[in-house]
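Participant: Below is structure39.txt; it holds compact mmCIF, C-alpha atoms.
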```txt
# COMPACT_ATOMS: atom_id res chain seq x y z
CA ASP A 898 114.30 82.54 111.74
CA LYS A 899 111.68 80.07 112.87
CA VAL A 900 108.27 81.53 112.03
CA VAL A 901 105.05 80.30 113.58
CA PHE A 902 101.57 81.39 112.52
CA SER A 903 99.64 83.03 115.34
CA LYS A 904 96.55 82.46 113.15
CA PRO A 905 97.26 79.25 111.20
CA PRO A 906 95.69 78.85 107.75
CA LEU A 907 92.47 76.85 107.54
CA GLU A 908 92.33 74.31 104.74
CA VAL A 909 89.18 72.59 103.48
CA ALA A 910 88.54 69.98 100.77
CA LEU A 911 85.11 70.81 99.34
CA THR A 912 83.30 68.21 97.23
CA VAL A 913 80.73 69.63 94.81
CA LYS A 914 77.68 67.42 95.28
CA ALA A 915 76.41 67.61 91.70
CA THR A 916 79.71 66.77 89.97
CA GLY A 917 81.98 65.23 92.59
CA GLN A 918 84.66 67.83 91.81
CA VAL A 919 86.97 68.54 94.75
CA ILE A 920 88.00 72.12 95.38
CA ARG A 921 90.70 73.00 97.88
CA LEU A 922 89.99 76.14 99.92
CA ILE A 923 92.66 77.84 102.01
CA GLY A 924 91.76 80.67 104.35
CA ALA A 925 94.74 82.72 105.52
CA HIS A 926 95.40 85.62 107.86
CA LEU A 927 99.02 86.73 107.58
CA LYS A 928 100.97 88.73 110.15
CA SER A 929 100.23 92.44 110.33
CA LYS A 930 103.10 94.75 109.44
CA ALA A 931 101.91 97.46 111.81
CA PRO A 932 104.52 98.41 114.44
CA TYR A 933 102.18 98.08 117.44
CA GLY A 934 103.79 99.21 120.68
CA ALA A 935 106.52 101.30 119.06
CA THR A 936 107.16 104.55 120.91
CA ASN A 937 109.80 106.20 118.73
CA ARG A 938 111.03 106.27 115.13
CA ASP A 939 113.74 103.62 115.68
CA GLU A 940 111.25 101.20 117.24
CA VAL A 941 108.82 101.80 114.39
CA MET A 942 111.51 100.90 111.87
CA ARG A 943 112.72 97.84 113.78
CA LEU A 944 109.21 96.45 114.36
CA SER A 945 108.06 97.22 110.81
CA ILE A 946 111.00 95.31 109.30
CA ALA A 947 110.65 92.39 111.76
CA ASN A 948 106.91 92.13 111.09
CA ARG A 949 107.41 92.24 107.31
CA ARG A 950 110.04 89.48 107.55
CA LYS A 951 107.62 87.31 109.51
CA GLN A 952 104.80 88.06 107.08
CA LEU A 953 106.99 87.22 104.07
CA ALA A 954 108.03 83.93 105.68
CA GLN A 955 104.33 83.08 106.15
CA ALA A 956 103.62 84.03 102.52
CA ILE A 957 106.47 81.80 101.30
CA TRP A 958 105.14 78.88 103.38
CA LEU A 959 101.63 79.48 102.03
CA ARG A 960 102.88 79.60 98.42
CA ALA A 961 104.72 76.28 98.95
CA ARG A 962 101.44 74.74 100.14
CA ILE A 963 99.66 76.18 97.10
CA ASP A 964 102.31 74.65 94.82
CA GLU A 965 101.82 71.24 96.48
CA HIS A 966 98.14 71.34 95.52
CA LEU A 967 98.74 72.67 92.02
CA GLU A 968 101.27 69.90 91.32
CA THR A 969 98.38 67.44 91.70
CA ALA A 970 96.21 69.54 89.32
CA ALA A 971 93.92 70.50 92.20
CA SER A 972 91.36 73.26 91.83
CA LEU A 973 92.20 75.87 94.44
CA MET A 974 90.87 79.02 96.06
CA VAL A 975 92.97 81.05 98.52
CA MET A 976 91.25 83.77 100.46
CA GLY A 977 91.62 85.99 103.45
CA ASP A 978 93.44 88.92 104.99
CA LEU A 979 97.00 88.92 103.67
CA ASN A 980 97.73 92.21 105.46
CA ASP A 981 99.65 93.37 102.41
CA GLY A 982 99.33 94.75 98.94
CA PRO A 983 101.85 95.96 96.38
CA GLY A 984 103.43 99.29 97.27
CA LEU A 985 101.82 99.67 100.69
CA ASP A 986 104.92 100.65 102.63
CA GLU A 987 108.45 101.93 102.21
CA TYR A 988 110.03 98.68 103.44
CA GLU A 989 108.79 96.60 100.51
CA HIS A 990 111.79 97.60 98.38
CA LEU A 991 114.09 95.96 100.96
CA PHE A 992 112.54 92.55 100.22
CA GLY A 993 111.77 92.81 96.51
CA ARG A 994 108.14 91.65 96.44
CA SER A 995 104.98 92.00 98.46
CA SER A 996 103.42 89.03 100.20
CA VAL A 997 100.54 89.25 97.73
CA GLU A 998 102.91 88.77 94.80
CA ILE A 999 104.47 85.75 96.51
CA VAL A 1000 101.09 84.11 97.21
CA LEU A 1001 99.78 84.85 93.69
CA GLY A 1002 102.86 83.28 92.11
CA ARG A 1003 103.93 83.58 88.48
CA GLY A 1004 103.47 81.87 85.16
CA SER A 1005 101.05 79.02 84.51
CA ASP A 1006 100.63 78.27 88.23
CA ALA A 1007 99.73 81.85 89.15
CA LEU A 1008 96.51 82.45 91.05
CA PHE A 1009 94.17 85.22 89.96
CA ASP A 1010 92.31 87.98 91.79
CA PRO A 1011 91.18 90.95 89.66
CA HIS A 1012 91.71 93.46 92.48
CA ALA A 1013 95.28 92.29 93.06
CA SER A 1014 95.89 92.29 89.31
CA LYS A 1015 94.68 95.86 89.04
CA ALA A 1016 96.83 96.99 91.97
CA LEU A 1017 99.92 95.32 90.49
CA GLN A 1018 99.40 96.93 87.09
CA ARG A 1019 98.73 100.44 88.38
CA ARG A 1020 100.62 101.56 91.47
CA ILE A 1021 99.52 105.19 91.13
CA GLY A 1022 95.90 106.29 90.90
CA PRO A 1023 92.64 104.89 92.26
CA GLN A 1024 92.91 101.37 93.68
CA PRO A 1025 90.39 98.90 95.03
CA THR A 1026 90.35 98.94 98.85
CA THR A 1027 89.10 96.42 101.40
CA ALA A 1028 90.14 98.05 104.66
CA ARG A 1029 89.85 101.47 106.27
CA PHE A 1030 91.85 102.49 109.34
CA TYR A 1031 91.69 105.70 111.34
CA ILE A 1032 95.11 107.28 111.96
CA SER A 1033 94.60 109.40 115.07
CA GLN A 1034 97.96 111.25 114.84
CA GLU A 1035 97.01 112.52 111.38
CA ASP A 1036 93.23 112.77 111.95
CA ARG A 1037 92.47 110.90 108.73
CA TYR A 1038 91.63 107.47 107.34
CA LEU A 1039 94.00 105.19 105.48
CA GLN A 1040 92.49 102.81 102.93
CA ALA A 1041 94.27 99.71 101.67
CA LEU A 1042 93.75 96.54 99.64
CA LEU A 1043 94.48 93.73 102.13
CA ASP A 1044 91.80 91.08 101.52
CA TYR A 1045 91.61 88.75 98.54
CA VAL A 1046 89.86 85.79 96.91
CA MET A 1047 92.35 84.13 94.55
CA VAL A 1048 91.55 81.25 92.21
CA SER A 1049 93.66 78.75 90.30
CA ALA A 1050 93.78 78.98 86.49
CA ASP A 1051 91.24 76.17 85.99
CA LEU A 1052 88.62 78.07 88.04
CA ARG A 1053 89.18 81.46 86.46
CA SER A 1054 86.62 81.00 83.66
CA LYS A 1055 84.01 79.86 86.22
CA ALA A 1056 84.62 82.73 88.64
CA ARG A 1057 82.94 86.06 88.09
CA GLY A 1058 81.53 88.99 89.96
CA TRP A 1059 84.30 89.64 92.48
CA ARG A 1060 82.90 92.23 94.84
CA ILE A 1061 84.29 94.31 97.69
CA TRP A 1062 81.44 95.25 99.99
CA HIS A 1063 82.87 98.72 100.66
CA PRO A 1064 80.07 101.14 101.55
CA PHE A 1065 81.92 104.17 100.18
CA ASP A 1066 82.87 102.50 96.89
CA ASP A 1067 79.81 100.33 96.23
CA PRO A 1068 76.63 102.35 95.55
CA ALA A 1069 74.28 99.47 96.48
CA CYS A 1070 75.97 99.19 99.89
CA TRP A 1071 75.80 102.95 100.40
CA HIS A 1072 72.12 103.24 99.48
CA THR A 1073 71.08 100.38 101.77
CA ALA A 1074 71.35 102.11 105.14
CA GLU A 1075 71.16 98.96 107.29
CA LEU A 1076 73.89 97.26 105.23
CA ARG A 1077 76.07 100.38 105.16
CA ASP A 1078 75.84 100.83 108.92
CA ALA A 1079 76.49 97.15 109.58
CA LEU A 1080 79.57 97.13 107.34
CA LEU A 1081 81.02 100.22 109.02
CA THR A 1082 80.29 98.91 112.53
CA ALA A 1083 81.38 95.28 112.12
CA SER A 1084 85.03 95.73 111.20
CA ASP A 1085 87.70 97.96 109.69
CA HIS A 1086 87.82 95.42 106.83
CA PHE A 1087 85.07 94.90 104.26
CA PRO A 1088 84.02 91.49 102.91
CA VAL A 1089 85.26 90.27 99.53
CA THR A 1090 83.10 87.79 97.63
CA LEU A 1091 82.88 86.18 94.24
CA ASP A 1092 80.28 84.17 92.36
CA ILE A 1093 81.56 80.89 90.96
CA ASP A 1094 79.76 78.35 88.81
CA LEU A 1095 80.72 74.87 90.03
```
Starting from the file, lay out its structure as structure tokens.
Facilitator:
Amino acid sequence: DKVVFSKPPLEVALTVKATGQVIRLIGAHLKSKAPYGATNRDEVMRLSIANRRKQLAQAIWLRARIDEHLETAASLMVMGDLNDGPGLDEYEHLFGRSSVEIVLGRGSDALFDPHASKALQRRIGPQPTTARFYISQEDRYLQALLDYVMVSADLRSKARGWRIWHPFDDPACWHTAELRDALLTASDHFPVTLDIDL
């Protein structure tokens, strides 16, 4: 299938003024797997599988771009809404890996995000979450880890303090009423940040 990004990745070459080091930044927003518009069980299944196929194709393209940069020993950060996390839906077993696992990669060229690492190591039990969606049919909220800041191996020792600004999981966000209200009003996703010493 020919796959086109509806929200193409944004790529930036950042030059650190003090050192001249160039860091490649890629912002990505992969296809949602949600079966929007489905009216019955068969449509839900068909759309869910089609959307996952499109998302996986986007993840494979993104990983190929990451590999192009890493082959030149570039420092790299990949961030954004990947609309996926390990074990998030029953269709993942049909394709073998989540989009997050594809983008992270394996071995010496693997990217790192501590939240993704935690989710991959422990599929059952408490997980970090970056998004919160209301499911009206079930009258409840679904939480998921969908947003990431991944760094290449050479930046890992310089990166610290990854933070998900989730008002229900971060006490400082909860106790600052203006921040808490702004985070809950602005989006159903919460910002992910890290501190990095460049």
Participant: Choose the residue, out of A:Met1047, A:Glu1035, A:Asp1067, A:Thr1027, that has the smallest atom-to-atom separation from A:Ser1084; count only C-alpha atoms.
Facilitator: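 Checking each of A:Met1047, A:Glu1035, A:Asp1067, A:Thr1027 against A:Ser1084, counting only C-alpha atoms, the winner is A:Thr1027.
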Participant: List every protein, DNA or RNA residue that has at least one atom no more than 8 Å from (89.0, 89.1, 89.5) in the file's coordinates, counting all atoms listed in the file, and write the result as an NGL selection string.
Facilitator: :A and (1009-1014 or 1047 or 1056-1059)
Participant: Fewer than 5 positions away in the same chain doesn't count, so skip those; otherwise give me all residues within 7 Å of stretch 949-963 of chain A, counting all atoms listed in the file, as JSON, numbers by chain.
Facilitator: {"A": [900, 927, 928, 930, 996, 999, 1000]}
Participant: Report, in Å with one decimal, the straight-line distance from atom CA of A:Glu965 to atom CA of A:Leu911.
Facilitator: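 Result for atom CA of A:Glu965 versus atom CA of A:Leu911: 17.0 Å, one decimal.
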Participant: Measuring between all atoms listed in the file, which one of A:Thr969, A:Ser1005, A:Asn948, A:Ser995 shows the shortest distance to A:Asp981?
Facilitator: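 Closest candidate: A:Ser995.
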Participant: Atom CA of A:Phe1087 and atom CA of A:Tyr1031, how far apart in Å?
Facilitator: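 Going from atom CA of A:Tyr1031 over to atom CA of A:Phe1087 covers 14.5 Å.
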Participant: Which one of A:Ala1028, A:Val1048, A:Leu1043, A:Ala970 sits closest to A:Ile923 if you count only C-alpha atoms?
Facilitator: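 For A:Ile923, the nearest of the given residues is A:Val1048.
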Participant: Rounded to one decimal, what separation in Å do you get between atom CA of A:Leu1091 and atom CA of A:Gly1002?
Facilitator: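 Straight-line distance from atom CA of A:Leu1091 to atom CA of A:Gly1002 works out to 20.3 Å.
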Participant: Pick from A:Trp1071, A:Ser972, A:Arg1037, A:Ile1093: nearest to A:Thr912, with only C-alpha atoms counted?
Facilitator: A:Ser972
Participant: Determine the nearest neighbour of A:Arg1029 from the options A:Arg1003, A:His926, A:His1086, A:Arg943, counting all atoms listed in the file.
Facilitator: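 Smallest distance to A:Arg1029 is found for A:His1086.
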Participant: The residues within 9 Å of (92.5, 84.4, 97.6), using all atoms listed in the file and the coordinates of the file, should be reported as a list in words; which are they?
Facilitator: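 Nearby residues: Leu922, Ile923, Gly924, Ala925, Met974, Val975, Met976, Gly977, Asp978, Leu979, Val1000, Leu1001, Leu1008, Phe1009, Asp1010, Asp1044, Tyr1045, Val1046, Met1047 and Val1048 of chain A.
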Participant: Could I get stretch 967-980 of chain A from the block written out with all heavy atoms, as a tab-separated table (two decimals), in the first residue's frame?
Facilitator:
```
chain	number	residue	atom	x	y	z
A	967	LEU	N	21.63	8.13	11.95
A	967	LEU	CA	22.56	7.42	12.83
A	967	LEU	C	23.76	6.86	12.07
A	967	LEU	O	24.84	6.75	12.62
A	967	LEU	CB	21.82	6.32	13.59
A	967	LEU	CG	20.75	6.80	14.58
A	967	LEU	CD1	20.07	5.61	15.25
A	967	LEU	CD2	21.32	7.76	15.62
A	968	GLU	N	23.58	6.54	10.80
A	968	GLU	CA	24.70	6.06	9.98
A	968	GLU	C	25.78	7.13	9.80
A	968	GLU	O	26.94	6.81	9.55
A	968	GLU	CB	24.20	5.60	8.61
A	968	GLU	CG	23.50	4.25	8.66
A	968	GLU	CD	22.77	3.92	7.37
A	968	GLU	OE1	22.96	4.63	6.36
A	968	GLU	OE2	22.00	2.94	7.38
A	969	THR	N	25.40	8.40	9.97
A	969	THR	CA	26.38	9.49	9.87
A	969	THR	C	26.85	9.93	11.26
A	969	THR	O	27.46	10.98	11.41
A	969	THR	CB	25.77	10.70	9.14
A	969	THR	OG1	24.72	11.26	9.94
A	969	THR	CG2	25.25	10.32	7.78
A	970	ALA	N	26.54	9.13	12.29
A	970	ALA	CA	26.89	9.41	13.68
A	970	ALA	C	26.25	10.70	14.19
A	970	ALA	O	26.78	11.39	15.05
A	970	ALA	CB	28.41	9.45	13.86
A	971	ALA	N	25.08	11.02	13.67
A	971	ALA	CA	24.37	12.22	14.11
A	971	ALA	C	23.78	12.02	15.50
A	971	ALA	O	23.37	10.92	15.86
A	971	ALA	CB	23.25	12.56	13.12
A	972	SER	N	23.75	13.11	16.27
A	972	SER	CA	23.01	13.13	17.53
A	972	SER	C	21.56	13.38	17.17
A	972	SER	O	21.25	14.23	16.34
A	972	SER	CB	23.52	14.25	18.42
A	972	SER	OG	24.87	14.03	18.76
A	973	LEU	N	20.65	12.65	17.82
A	973	LEU	CA	19.26	12.66	17.36
A	973	LEU	C	18.28	12.61	18.52
A	973	LEU	O	18.48	11.89	19.49
A	973	LEU	CB	19.05	11.44	16.45
A	973	LEU	CG	17.69	11.25	15.80
A	973	LEU	CD1	17.40	12.36	14.80
A	973	LEU	CD2	17.64	9.89	15.10
A	974	MET	N	17.22	13.40	18.37
A	974	MET	CA	16.07	13.32	19.28
A	974	MET	C	14.81	13.15	18.43
A	974	MET	O	14.63	13.88	17.45
A	974	MET	CB	15.96	14.58	20.14
A	974	MET	CG	17.13	14.79	21.07
A	974	MET	SD	17.04	16.36	21.98
A	974	MET	CE	15.66	16.04	23.05
A	975	VAL	N	13.98	12.19	18.79
A	975	VAL	CA	12.70	11.96	18.10
A	975	VAL	C	11.61	12.12	19.14
A	975	VAL	O	11.67	11.51	20.21
A	975	VAL	CB	12.65	10.56	17.47
A	975	VAL	CG1	11.29	10.32	16.83
A	975	VAL	CG2	13.77	10.38	16.46
A	976	MET	N	10.64	12.96	18.83
A	976	MET	CA	9.61	13.24	19.82
A	976	MET	C	8.25	13.40	19.18
A	976	MET	O	8.16	13.65	17.97
A	976	MET	CB	9.97	14.50	20.60
A	976	MET	CG	10.11	15.73	19.72
A	976	MET	SD	11.04	17.06	20.49
A	976	MET	CE	12.69	16.46	20.28
A	977	GLY	N	7.22	13.21	19.97
A	977	GLY	CA	5.88	13.46	19.47
A	977	GLY	C	4.89	12.41	19.89
A	977	GLY	O	5.14	11.56	20.75
A	978	ASP	N	3.73	12.49	19.24
A	978	ASP	CA	2.60	11.60	19.50
A	978	ASP	C	2.69	10.44	18.52
A	978	ASP	O	2.38	10.59	17.34
A	978	ASP	CB	1.31	12.39	19.30
A	978	ASP	CG	0.05	11.57	19.50
A	978	ASP	OD1	0.16	10.35	19.77
A	978	ASP	OD2	-1.06	12.13	19.38
A	979	LEU	N	3.11	9.28	19.00
A	979	LEU	CA	3.22	8.11	18.14
A	979	LEU	C	1.91	7.31	18.11
A	979	LEU	O	1.79	6.34	17.38
A	979	LEU	CB	4.37	7.22	18.58
A	979	LEU	CG	5.76	7.86	18.55
A	979	LEU	CD1	6.84	6.82	18.80
A	979	LEU	CD2	6.02	8.60	17.25
A	980	ASN	N	0.93	7.75	18.88
A	980	ASN	CA	-0.39	7.11	18.89
A	980	ASN	C	-0.31	5.61	19.12
A	980	ASN	O	-1.15	4.85	18.65
A	980	ASN	CB	-1.15	7.41	17.60
A	980	ASN	CG	-2.06	8.62	17.76
A	980	ASN	OD1	-2.77	8.74	18.74
A	980	ASN	ND2	-1.99	9.53	16.80
```
